[in-house]
Structure formats: structure tokens, C-alpha cells
>>> print(open('run-v4.csv').read())   # CSV, C-alpha atoms
chain,number,residue,atom,x,y,z
U,1,MET,CA,16.0,5.2,6.8
U,2,SER,CA,19.5,4.2,7.7
U,3,HIS,CA,22.4,4.9,5.3
U,4,HIS,CA,23.0,1.1,5.1
U,5,ILE,CA,19.5,0.3,4.0
U,6,PHE,CA,19.6,3.1,1.5
U,7,GLU,CA,22.8,1.9,-0.1
U,8,MET,CA,21.5,-1.7,-0.1
U,9,LEU,CA,18.3,-0.8,-2.0
U,10,ARG,CA,20.3,1.5,-4.3
U,11,GLY,CA,22.7,-1.4,-5.1
U,12,MET,CA,19.7,-3.7,-5.9
U,13,LEU,CA,18.4,-1.1,-8.3
U,14,VAL,CA,21.8,-0.6,-9.9
U,15,HIS,CA,22.4,-4.3,-10.4
U,16,TYR,CA,18.9,-5.6,-11.1
U,17,GLY,CA,17.1,-2.5,-12.3
U,18,TYR,CA,13.4,-3.0,-13.0
U,19,TRP,CA,13.5,-6.5,-11.7
U,20,ALA,CA,14.3,-5.2,-8.2
U,21,VAL,CA,11.2,-2.9,-8.4
U,22,ALA,CA,9.0,-5.7,-9.6
U,23,ALA,CA,10.1,-8.2,-7.0
U,24,MET,CA,9.8,-5.8,-4.1
U,25,LEU,CA,6.3,-4.6,-5.0
U,26,LEU,CA,5.1,-8.1,-5.9
U,27,LEU,CA,6.1,-9.5,-2.5
U,28,GLU,CA,4.8,-6.5,-0.6
U,29,GLY,CA,1.5,-6.7,-2.4
U,30,ALA,CA,1.3,-10.4,-1.5
U,31,GLY,CA,1.6,-9.6,2.2
U,32,LEU,CA,5.3,-9.4,3.1
U,33,PRO,CA,6.2,-6.2,5.0
U,34,LEU,CA,8.8,-4.9,2.6
U,35,PRO,CA,9.7,-1.2,1.8
U,36,GLY,CA,7.8,-1.0,-1.5
U,37,GLU,CA,7.2,2.7,-1.1
U,38,THR,CA,10.9,3.3,-0.5
U,39,ILE,CA,12.0,1.3,-3.6
U,40,LEU,CA,9.7,3.3,-5.8
U,41,LEU,CA,11.0,6.6,-4.4
U,42,LEU,CA,14.6,5.5,-4.9
U,43,ALA,CA,13.9,4.2,-8.4
U,44,SER,CA,12.3,7.4,-9.5
U,45,PHE,CA,15.1,9.4,-7.8
U,46,LEU,CA,17.7,7.4,-9.8
U,47,ALA,CA,15.7,8.0,-13.0
U,48,TYR,CA,15.9,11.7,-12.2
U,49,SER,CA,19.5,12.0,-11.3
U,50,HIS,CA,21.5,9.2,-13.0
U,51,ASP,CA,19.5,8.0,-16.0
U,52,GLU,CA,20.0,4.4,-14.7
U,53,LEU,CA,16.2,3.9,-15.0
U,54,ARG,CA,13.4,5.5,-17.0
U,55,LEU,CA,10.5,6.9,-15.1
U,56,PRO,CA,7.7,5.7,-17.4
U,57,TRP,CA,9.0,2.1,-17.2
U,58,VAL,CA,9.4,2.4,-13.4
U,59,ILE,CA,5.7,3.4,-13.2
U,60,VAL,CA,4.6,0.6,-15.6
U,61,VAL,CA,6.6,-2.1,-13.9
U,62,GLY,CA,5.5,-0.8,-10.5
U,63,ILE,CA,1.8,-0.8,-11.4
U,64,VAL,CA,1.9,-4.3,-12.9
U,65,ALA,CA,3.9,-5.8,-10.0
U,66,ALA,CA,1.8,-4.1,-7.3
U,67,THR,CA,-1.4,-5.3,-9.0
U,68,ALA,CA,-0.1,-8.8,-9.4
U,69,GLY,CA,1.1,-8.9,-5.8
U,70,GLY,CA,-2.4,-7.9,-4.7
U,71,GLU,CA,-3.9,-10.7,-6.7
U,72,LEU,CA,-1.5,-13.2,-5.2
U,73,GLY,CA,-2.3,-11.9,-1.7
U,74,PHE,CA,-6.0,-12.1,-2.4
U,75,ALA,CA,-5.7,-15.8,-3.5
U,76,LEU,CA,-3.7,-16.7,-0.5
U,77,GLY,CA,-6.2,-15.0,1.8
U,78,ARG,CA,-9.2,-16.7,0.1
U,79,HIS,CA,-7.7,-20.2,0.2
U,80,GLY,CA,-6.0,-19.9,3.6
U,81,GLY,CA,-8.8,-18.0,5.3
U,82,ARG,CA,-8.7,-16.9,9.0
U,83,PRO,CA,-6.1,-19.6,10.0
U,84,LEU,CA,-3.6,-18.1,7.5
U,85,ILE,CA,-4.4,-14.6,8.8
U,86,GLU,CA,-3.7,-15.7,12.4
U,87,ARG,CA,-0.4,-17.4,11.4
U,88,TYR,CA,0.6,-14.3,9.5
U,89,ARG,CA,-0.2,-12.0,12.4
U,90,HIS,CA,1.9,-14.1,14.8
U,91,THR,CA,4.8,-14.5,12.4
U,92,PHE,CA,5.2,-10.7,11.8
U,93,SER,CA,4.1,-9.7,15.4
U,94,ILE,CA,1.0,-7.8,14.2
U,95,GLY,CA,-1.4,-6.9,17.0
U,96,ALA,CA,-4.9,-8.2,17.1
U,97,GLU,CA,-6.2,-4.6,17.1
U,98,THR,CA,-4.5,-3.9,13.8
U,99,MET,CA,-6.4,-6.9,12.3
U,100,ALA,CA,-9.6,-5.8,13.9
U,101,GLN,CA,-9.1,-2.3,12.4
U,102,GLY,CA,-8.8,-3.9,9.0
U,103,ASP,CA,-12.0,-5.9,9.5
U,104,ARG,CA,-13.8,-2.7,10.5
U,105,LEU,CA,-12.6,-0.8,7.5
U,106,PHE,CA,-13.7,-3.6,5.1
U,107,GLU,CA,-17.1,-3.8,6.9
U,108,ARG,CA,-17.6,-0.1,6.6
U,109,TYR,CA,-16.1,0.8,3.2
U,110,GLY,CA,-16.2,-2.5,1.4
U,111,ALA,CA,-14.1,-2.8,-1.8
U,112,ALA,CA,-13.0,0.8,-1.5
U,113,THR,CA,-10.8,-0.2,1.4
U,114,VAL,CA,-8.5,-2.0,-1.1
U,115,PHE,CA,-7.9,1.4,-2.8
U,116,LEU,CA,-7.4,3.4,0.4
U,117,ALA,CA,-5.1,0.8,2.0
U,118,ARG,CA,-2.4,1.5,-0.6
U,119,PHE,CA,-1.9,4.9,1.1
U,120,ILE,CA,-1.9,3.7,4.7
U,121,PHE,CA,1.3,2.3,6.2
U,122,GLY,CA,0.7,-1.1,7.6
U,123,MET,CA,-2.6,-1.7,5.9
U,124,ARG,CA,-0.9,-1.9,2.5
U,125,VAL,CA,0.5,-5.4,3.2
U,126,LEU,CA,-2.7,-6.6,4.9
U,127,ALA,CA,-5.5,-5.5,2.6
U,128,SER,CA,-5.2,-8.2,-0.1
U,129,LEU,CA,-5.0,-11.0,2.5
U,130,LEU,CA,-8.0,-9.7,4.4
U,131,ALA,CA,-10.0,-9.1,1.2
U,132,GLY,CA,-9.5,-12.7,0.3
U,133,ALA,CA,-10.2,-14.1,3.8
U,134,LEU,CA,-13.4,-12.0,3.9
U,135,HIS,CA,-14.5,-13.5,0.5
U,136,MET,CA,-14.8,-10.1,-1.3
U,137,PRO,CA,-16.1,-10.6,-4.9
U,138,TRP,CA,-13.1,-11.0,-7.1
U,139,ARG,CA,-14.1,-8.6,-9.8
U,140,LYS,CA,-14.6,-5.8,-7.3
U,141,PHE,CA,-11.2,-6.5,-5.7
U,142,THR,CA,-9.5,-6.6,-9.0
U,143,LEU,CA,-10.9,-3.2,-10.0
U,144,PHE,CA,-9.9,-1.4,-6.8
U,145,ASN,CA,-6.6,-3.3,-6.6
U,146,PHE,CA,-5.6,-2.0,-10.0
U,147,LEU,CA,-6.9,1.5,-9.4
U,148,GLY,CA,-5.1,1.7,-6.0
U,149,ALA,CA,-1.9,0.4,-7.5
U,150,ALA,CA,-2.0,2.8,-10.5
U,151,VAL,CA,-2.7,5.9,-8.4
U,152,TRP,CA,-0.3,5.0,-5.6
U,153,VAL,CA,2.6,4.0,-7.9
U,154,SER,CA,2.1,7.1,-10.1
U,155,ALA,CA,1.9,9.5,-7.1
U,156,ILE,CA,5.0,8.1,-5.4
U,157,CYS,CA,7.1,7.9,-8.6
U,158,GLY,CA,6.0,11.4,-9.6
U,159,ALA,CA,7.0,12.8,-6.2
U,160,GLY,CA,10.3,11.0,-6.3
U,161,TYR,CA,11.1,12.3,-9.7
U,162,LEU,CA,9.9,15.8,-9.1
U,163,PHE,CA,11.9,16.1,-5.8
U,164,GLY,CA,14.8,13.9,-6.9
U,165,GLY,CA,17.3,16.2,-5.3
U,166,HIS,CA,15.8,16.1,-1.9
U,167,TRP,CA,15.6,12.4,-1.1
U,168,GLY,CA,15.9,12.6,2.7
U,169,ARG,CA,13.2,15.2,3.2
U,170,LEU,CA,10.9,13.5,0.8
U,171,ALA,CA,11.1,10.1,2.6
U,172,HIS,CA,10.3,11.9,5.9
U,173,ASP,CA,7.4,13.8,4.4
U,174,LEU,CA,5.8,10.7,3.0
U,175,LYS,CA,5.8,9.1,6.4
U,176,ARG,CA,3.8,12.1,7.6
U,177,LEU,CA,1.5,11.8,4.6
U,178,ASP,CA,0.7,8.2,5.6
U,179,LEU,CA,-0.3,9.5,9.0
U,180,LEU,CA,-2.5,12.3,7.5
U,181,VAL,CA,-4.2,9.8,5.2
U,182,ALA,CA,-4.9,7.5,8.2
U,183,ILE,CA,-6.4,10.4,10.1
U,184,ALA,CA,-8.6,11.4,7.1
U,185,VAL,CA,-9.9,7.8,6.9
U,186,ALA,CA,-10.6,7.8,10.6
U,187,ILE,CA,-12.5,11.1,10.3
U,188,ALA,CA,-14.5,9.7,7.4
U,189,ALA,CA,-15.4,6.6,9.4
U,190,LEU,CA,-16.6,8.7,12.3
U,191,PHE,CA,-18.7,10.8,10.0
U,192,LEU,CA,-20.4,7.8,8.4
U,193,TRP,CA,-21.0,6.3,11.9
U,194,TRP,CA,-22.6,9.5,13.1
U,195,ARG,CA,-24.8,9.8,9.9
U,196,ARG,CA,-26.0,6.2,10.2
U,197,ARG,CA,-26.8,6.6,13.9
U,198,LYS,CA,-28.7,9.8,13.1
U,199,GLU,CA,-30.7,7.9,10.4
U,200,ARG,CA,-31.5,5.1,12.8
U,201,ASP,CA,-32.7,7.6,15.4
U,202,ARG,CA,-35.0,9.2,12.9
U,203,ALA,CA,-36.3,5.8,11.9
>>> encode(input="run-v4.csv", output="C-alpha cells")
Amino acid sequence: MSHHIFEMLRGMLVHYGYWAVAAMLLLEGAGLPLPGETILLLASFLAYSHDELRLPWVIVVGIVAATAGGELGFALGRHGGRPLIERYRHTFSIGAETMAQGDRLFERYGAATVFLARFIFGMRVLASLLAGALHMPWRKFTLFNFLGAAVWVSAICGAGYLFGGHWGRLAHDLKRLDLLVAIAVAIAALFLWWRRRKERDRA
């Protein structure tokens, strides 16, 4: 992250506090490609180093906002359907393969994809829209949306607070973590495909 963006986000947190956290995560959950992960890290870092924010409240606000953003994205996806998804893809220059990957994840893992997507860069802003467009049952979506938000926000904030003195390295390591999670999901998908194929061969 550039120094300019870092200072801009820090200024937002200093001036608007928890409202900045809430707005960023709400909009990211609804489908806008905003740095929600970064704002959580920075908020927990400030809670550690300057007492400008309190970690428990950062976590509570983050979970509520991320969950609400997911619900908004789900509603938009359900009412807008595939036409909205296509407009979204072109507006933010998202490749067709990325959307196809999201479809495959939902087809294979169902509602659990909403939980896993919180930890995958790129999929975090797409999952709710796709879930709505694919007409996932609302109760299942709400459960996994909340669980994903709670675990993701708590993990990011905990890491930011614990390693508050090492901001630059932490941000870099979390990008690597996104990649590792994506690899783990791909391995799990290959394993399930292999197991189903083996069961079909036996049948």
C-alpha cells in the first residue's frame, strides 16, 4: 500500500472513527471493491498504539457492518439477477473467468462459499451478489454471511492488534495469506471432484 493511501485511511479513522469502519465494510460487503481488510487492520493498529479506537468496538462494528453489507449485496443480486452481475463485471473490469470461478464454487460448496469467500481476495466483494443472483435460500445465506463476517473481522482485528507495531509486514503477509487460502480452496475442490468421479466409476 502506498504511503498516500495509508495516510488517507488513517485520516478517515481519526476524523470519523467507527463510522469509517462501518461505511467501508458495508460498501465492500455490498459489492464495491474497497479495502475493507486494510481499514480493519489500520483500525486495530490504532487501537493498539494510540487509543483512538477500542478493539472490542472495532470488532463489533466491523461484524455488524460486514454482515449488513452482505445482506445488501444479496438483495441487489437477487433483484438484479444476471444482468446486474454482467453490468457489475464490466464496470469494474472483472474477467468472465472470475465470475465463472465464483459460479463453480457456489455449485460445488453451496452456502459454505459465502463463508470461505471472506478470506479470498476478489471473491469477498462478489460472493453476496452471486449468492443473490443464484437464488440461494436466504436463511442459509444469512447464517454463513454472519459466521464469515464474525470470523474474518475477529481474525483480522486480532492480528492487527497483536502485531500493531509491524504494520507494513502484516499487510504484506495477509496478502500472502489470501493466496494460501485460495490454494487451499482449489485443492479441496480438486479432491471433491476426484472423489465424486471415483464414486461414479464405482457405480
>>> atom_distance(input="run-v4.csv", atom1="atom CA of U:Ile39", atom2="atom CA of U:Val21")
6.4 Å
>>> atom_distance(input="run-v4.csv", atom1="atom CA of U:Ala149", atom2="atom CA of U:Arg118")
7.0 Å
>>> residues_around(input="run-v4.csv", residues="U:Gly160", least_positions_apart="5", cutoff="6 Å", atoms="only C-alpha atoms", output="PyMOL selection string")
chain U and resi 41+44-45
>>> closest_residue(input="run-v4.csv", among="U:Phe163, U:Phe146, U:Phe121, U:Trp138", to="U:Ala75", atoms="all atoms listed in the file")
U:Trp138
>>> residues_around(input="run-v4.csv", residues="U:Ile63", least_positions_apart="6", cutoff="12 Å", atoms="all atoms listed in the file", output="PDB file with C-alpha atoms, in the frame of the given file")
ATOM      1  CA  TYR U  18      13.400  -3.000 -13.000  1.00  0.00           C
ATOM      2  CA  VAL U  21      11.200  -2.900  -8.400  1.00  0.00           C
ATOM      3  CA  ALA U  22       9.000  -5.700  -9.600  1.00  0.00           C
ATOM      4  CA  ALA U  23      10.100  -8.200  -7.000  1.00  0.00           C
ATOM      5  CA  MET U  24       9.800  -5.800  -4.100  1.00  0.00           C
ATOM      6  CA  LEU U  25       6.300  -4.600  -5.000  1.00  0.00           C
ATOM      7  CA  LEU U  26       5.100  -8.100  -5.900  1.00  0.00           C
ATOM      8  CA  GLY U  29       1.500  -6.700  -2.400  1.00  0.00           C
ATOM      9  CA  GLY U  36       7.800  -1.000  -1.500  1.00  0.00           C
ATOM     10  CA  LEU U  40       9.700   3.300  -5.800  1.00  0.00           C
ATOM     11  CA  PRO U  56       7.700   5.700 -17.400  1.00  0.00           C
ATOM     12  CA  TRP U  57       9.000   2.100 -17.200  1.00  0.00           C
ATOM     13  CA  GLY U  69       1.100  -8.900  -5.800  1.00  0.00           C
ATOM     14  CA  GLY U  70      -2.400  -7.900  -4.700  1.00  0.00           C
ATOM     15  CA  ARG U 118      -2.400   1.500  -0.600  1.00  0.00           C
ATOM     16  CA  ASN U 145      -6.600  -3.300  -6.600  1.00  0.00           C
ATOM     17  CA  PHE U 146      -5.600  -2.000 -10.000  1.00  0.00           C
ATOM     18  CA  LEU U 147      -6.900   1.500  -9.400  1.00  0.00           C
ATOM     19  CA  GLY U 148      -5.100   1.700  -6.000  1.00  0.00           C
ATOM     20  CA  ALA U 149      -1.900   0.400  -7.500  1.00  0.00           C
ATOM     21  CA  ALA U 150      -2.000   2.800 -10.500  1.00  0.00           C
ATOM     22  CA  VAL U 151      -2.700   5.900  -8.400  1.00  0.00           C
ATOM     23  CA  TRP U 152      -0.300   5.000  -5.600  1.00  0.00           C
ATOM     24  CA  VAL U 153       2.600   4.000  -7.900  1.00  0.00           C
ATOM     25  CA  SER U 154       2.100   7.100 -10.100  1.00  0.00           C
ATOM     26  CA  ALA U 155       1.900   9.500  -7.100  1.00  0.00           C
ATOM     27  CA  ILE U 156       5.000   8.100  -5.400  1.00  0.00           C
ATOM     28  CA  CYS U 157       7.100   7.900  -8.600  1.00  0.00           C
TER      29      CYS U 157
END
